[in-house]
>>> print(open('query_32.cif').read())   # mmCIF, C-alpha atoms
data_input
loop_
_atom_site.label_atom_id
_atom_site.label_comp_id
_atom_site.auth_asym_id
_atom_site.auth_seq_id
_atom_site.Cartn_x
_atom_site.Cartn_y
_atom_site.Cartn_z
CA MET A 1 -38.60 25.26 6.16
CA ASN A 2 -37.16 28.69 5.35
CA GLU A 3 -40.65 29.95 4.58
CA SER A 4 -41.91 28.90 8.01
CA LEU A 5 -38.93 30.53 9.70
CA SER A 6 -39.46 33.79 7.82
CA GLU A 7 -43.16 33.73 8.75
CA ALA A 8 -42.21 33.21 12.39
CA ALA A 9 -39.75 36.10 12.24
CA SER A 10 -42.33 38.40 10.68
CA GLU A 11 -44.87 37.46 13.37
CA LEU A 12 -42.31 38.29 16.06
CA ARG A 13 -41.62 41.64 14.40
CA ARG A 14 -45.35 42.35 14.49
CA VAL A 15 -45.44 41.40 18.18
CA ASP A 16 -42.55 43.76 18.82
CA HIS A 17 -44.38 46.58 17.04
CA LEU A 18 -47.59 45.91 18.93
CA VAL A 19 -45.83 45.93 22.29
CA PHE A 20 -43.61 48.96 21.79
CA VAL A 21 -45.82 51.14 19.57
CA SER A 22 -49.50 50.20 19.63
CA LEU A 23 -49.67 49.29 23.29
CA LYS A 24 -48.08 52.60 24.22
CA TYR A 25 -50.96 54.57 22.66
CA THR A 26 -53.90 52.23 23.17
CA ARG A 27 -53.95 50.05 26.23
CA THR A 28 -56.81 47.85 25.20
CA VAL A 29 -57.50 44.19 25.64
CA ASP A 30 -57.62 43.77 21.86
CA VAL A 31 -53.96 44.77 21.50
CA ILE A 32 -52.89 42.37 24.25
CA ARG A 33 -55.02 39.62 22.75
CA SER A 34 -53.44 40.26 19.37
CA VAL A 35 -49.95 40.06 20.91
CA VAL A 36 -50.73 36.67 22.44
CA ASN A 37 -52.27 35.38 19.19
CA ARG A 38 -49.25 36.49 17.19
CA MET A 39 -46.88 34.86 19.66
CA LEU A 40 -48.82 31.61 19.33
CA ASN A 41 -48.67 31.94 15.53
CA ALA A 42 -44.90 32.44 15.69
CA ILE A 43 -44.55 29.30 17.78
CA ASP A 44 -46.70 27.39 15.27
CA PHE A 45 -44.47 28.49 12.40
CA MET A 46 -41.36 27.50 14.36
CA ILE A 47 -42.84 24.08 15.13
CA ASN A 48 -43.57 23.57 11.43
CA ALA A 49 -40.02 24.56 10.49
CA LEU A 50 -38.54 22.20 13.09
CA LEU A 51 -40.65 19.30 11.89
CA GLU A 52 -39.72 19.96 8.26
CA HIS A 53 -36.05 19.96 9.30
CA ALA A 54 -36.51 16.71 11.25
CA LYS A 55 -38.19 15.12 8.23
CA LEU A 56 -35.30 16.16 5.96
CA GLU A 57 -32.83 14.63 8.41
CA LYS A 58 -35.03 11.49 8.56
CA LYS A 59 -35.66 11.77 12.30
CA ILE A 60 -39.41 11.46 11.72
CA ALA A 61 -41.38 9.66 9.04
CA GLU A 62 -44.22 12.12 8.51
CA ILE A 63 -45.57 15.39 9.85
CA PRO A 64 -48.99 15.14 11.53
CA SER A 65 -51.74 17.54 10.50
CA ASN A 66 -52.99 18.27 14.03
CA GLN A 67 -51.19 21.12 15.80
CA ALA A 68 -51.32 19.37 19.19
CA LEU A 69 -49.67 16.27 17.75
CA LYS A 70 -47.04 18.45 16.07
CA ALA A 71 -46.18 20.08 19.40
CA GLU A 72 -45.81 16.73 21.15
CA LEU A 73 -43.68 15.37 18.30
CA VAL A 74 -41.32 18.36 18.57
CA ARG A 75 -41.08 17.80 22.31
CA LYS A 76 -40.15 14.13 21.76
CA THR A 77 -37.83 14.66 18.79
CA PHE A 78 -35.77 17.60 20.03
CA ASP A 79 -34.25 17.26 23.47
CA ASP A 80 -33.65 20.95 24.11
CA GLU A 81 -34.80 22.96 27.12
CA MET A 82 -35.78 25.98 25.01
CA MET A 83 -38.01 23.81 22.82
CA LYS A 84 -39.75 22.42 25.86
CA ASP A 85 -40.25 25.94 27.19
CA MET A 86 -41.85 27.04 23.92
CA ILE A 87 -44.19 24.06 23.92
CA ASP A 88 -45.00 24.69 27.58
CA PHE A 89 -46.03 28.25 26.64
CA TYR A 90 -49.39 26.83 25.59
CA LYS A 91 -49.87 25.35 29.04
CA LYS A 92 -48.73 28.51 30.85
CA MET A 93 -51.32 30.56 29.00
CA ASN A 94 -54.00 27.99 29.89
CA VAL A 95 -54.72 27.69 26.19
CA PRO A 96 -54.98 24.27 24.61
CA PRO A 97 -52.63 23.71 21.69
CA PRO A 98 -54.34 24.93 18.52
CA THR A 99 -56.09 22.38 16.38
CA TRP A 100 -56.37 24.72 13.38
CA CYS A 101 -53.48 25.80 11.22
CA PRO A 102 -52.29 29.43 11.49
CA ASP A 103 -53.91 30.39 8.18
CA CYS A 104 -57.33 29.08 9.24
CA ARG A 105 -57.05 30.88 12.59
CA LEU A 106 -56.18 34.10 10.76
CA GLN A 107 -59.27 33.73 8.56
CA ARG A 108 -61.43 33.21 11.65
CA ARG A 109 -59.96 36.30 13.33
CA LEU A 110 -60.48 38.42 10.23
CA ALA A 111 -64.08 37.29 10.01
CA PHE A 112 -64.78 39.02 13.32
CA THR A 113 -63.00 42.29 12.56
CA ASN A 114 -64.90 45.41 11.68
CA ILE A 115 -64.20 45.96 8.00
CA GLN A 116 -65.05 49.48 6.90
CA ASN A 117 -67.06 49.80 3.74
CA LEU A 118 -66.92 52.93 1.61
CA TYR A 119 -70.06 53.93 -0.26
CA LYS A 120 -70.56 56.28 -3.19
CA ARG A 121 -72.73 59.27 -2.47
CA SER A 122 -73.39 62.62 -3.97
CA CYS A 123 -71.53 65.73 -2.84
CA THR A 124 -73.46 67.76 -0.27
CA LYS A 125 -72.07 71.04 -1.59
CA CYS A 126 -72.55 70.75 -5.33
CA ALA A 127 -74.74 67.57 -5.60
CA LYS A 128 -72.37 65.92 -8.09
CA SER A 129 -72.04 62.17 -7.81
#
>>> encode(input="query_32.cif", output="structure tokens")
Amino acid sequence: MNESLSEAASELRRVDHLVFVSLKYTRTVDVIRSVVNRMLNAIDFMINALLEHAKLEKKIAEIPSNQALKAELVRKTFDDEMMKDMIDFYKKMNVPPPTWCPDCRLQRRLAFTNIQNLYKRSCTKCAKS
């Protein structure tokens, strides 16, 4: 549970940095898209932490593997307005609740990034390799 909460906090720190630093210098769609993705990841980590806490307190029997089912279980288990607002964030963004875990989504995002490759070549001045 503490691991999920620390992951959520680190994602929110990254969102804060993207909004106040990166967005100031580059106003691109990619930065805004990254902010939204990181906010969704933070919510996923918070949902996981809440479900682990509910399982420890024996409020639920097991934690589902599907993210959509996890979100609905949090909504039913915790009767707090802030929790409902966080779960409703998915609906406000017109994004369906994620069906992949945050790690799998990160791997998919990284697969589409432009990774720079460095190649060995000889020096143009002295021709040494």
>>> resolve_selection(input="query_32.cif", expression="the PyMOL selection byres ((chain A and resi 72) around 12)", output="list in words")
Ile47, Leu51, Ile63, Pro64, Asn66, Gln67, Ala68, Leu69, Lys70, Ala71, Leu73, Val74, Arg75, Lys76, Thr77, Phe78, Asp79, Met83, Lys84, Met86, Ile87, Asp88, Tyr90 and Pro97 of chain A
>>> write_last_selection(input="query_32.cif", atoms="C-alpha atoms", output="PDB file, keeping the file's coordinate frame")
ATOM      1  CA  ILE A  47     -42.840  24.080  15.130  1.00  0.00           C
ATOM      2  CA  LEU A  51     -40.650  19.300  11.890  1.00  0.00           C
ATOM      3  CA  ILE A  63     -45.570  15.390   9.850  1.00  0.00           C
ATOM      4  CA  PRO A  64     -48.990  15.140  11.530  1.00  0.00           C
ATOM      5  CA  ASN A  66     -52.990  18.270  14.030  1.00  0.00           C
ATOM      6  CA  GLN A  67     -51.190  21.120  15.800  1.00  0.00           C
ATOM      7  CA  ALA A  68     -51.320  19.370  19.190  1.00  0.00           C
ATOM      8  CA  LEU A  69     -49.670  16.270  17.750  1.00  0.00           C
ATOM      9  CA  LYS A  70     -47.040  18.450  16.070  1.00  0.00           C
ATOM     10  CA  ALA A  71     -46.180  20.080  19.400  1.00  0.00           C
ATOM     11  CA  LEU A  73     -43.680  15.370  18.300  1.00  0.00           C
ATOM     12  CA  VAL A  74     -41.320  18.360  18.570  1.00  0.00           C
ATOM     13  CA  ARG A  75     -41.080  17.800  22.310  1.00  0.00           C
ATOM     14  CA  LYS A  76     -40.150  14.130  21.760  1.00  0.00           C
ATOM     15  CA  THR A  77     -37.830  14.660  18.790  1.00  0.00           C
ATOM     16  CA  PHE A  78     -35.770  17.600  20.030  1.00  0.00           C
ATOM     17  CA  ASP A  79     -34.250  17.260  23.470  1.00  0.00           C
ATOM     18  CA  MET A  83     -38.010  23.810  22.820  1.00  0.00           C
ATOM     19  CA  LYS A  84     -39.750  22.420  25.860  1.00  0.00           C
ATOM     20  CA  MET A  86     -41.850  27.040  23.920  1.00  0.00           C
ATOM     21  CA  ILE A  87     -44.190  24.060  23.920  1.00  0.00           C
ATOM     22  CA  ASP A  88     -45.000  24.690  27.580  1.00  0.00           C
ATOM     23  CA  TYR A  90     -49.390  26.830  25.590  1.00  0.00           C
ATOM     24  CA  PRO A  97     -52.630  23.710  21.690  1.00  0.00           C
TER      25      PRO A  97
END
>>> residues_around(input="query_32.cif", residues="Glu7 in chain A", least_positions_apart="2", cutoff="12 Å", atoms="all atoms listed in the file", output="PyMOL selection string")
chain A and resi 1-5+9-14+38-39+41-49+102-103
>>> closest_residue(input="query_32.cif", among="A:Asp80, A:Cys104, A:Ala61, A:Val35", to="Ser22 in chain A", atoms="all atoms listed in the file")
A:Val35
>>> atom_distance(input="query_32.cif", atom1="CA of Phe89 in chain A", atom2="CA of Ala8 in chain A")
15.6 Å
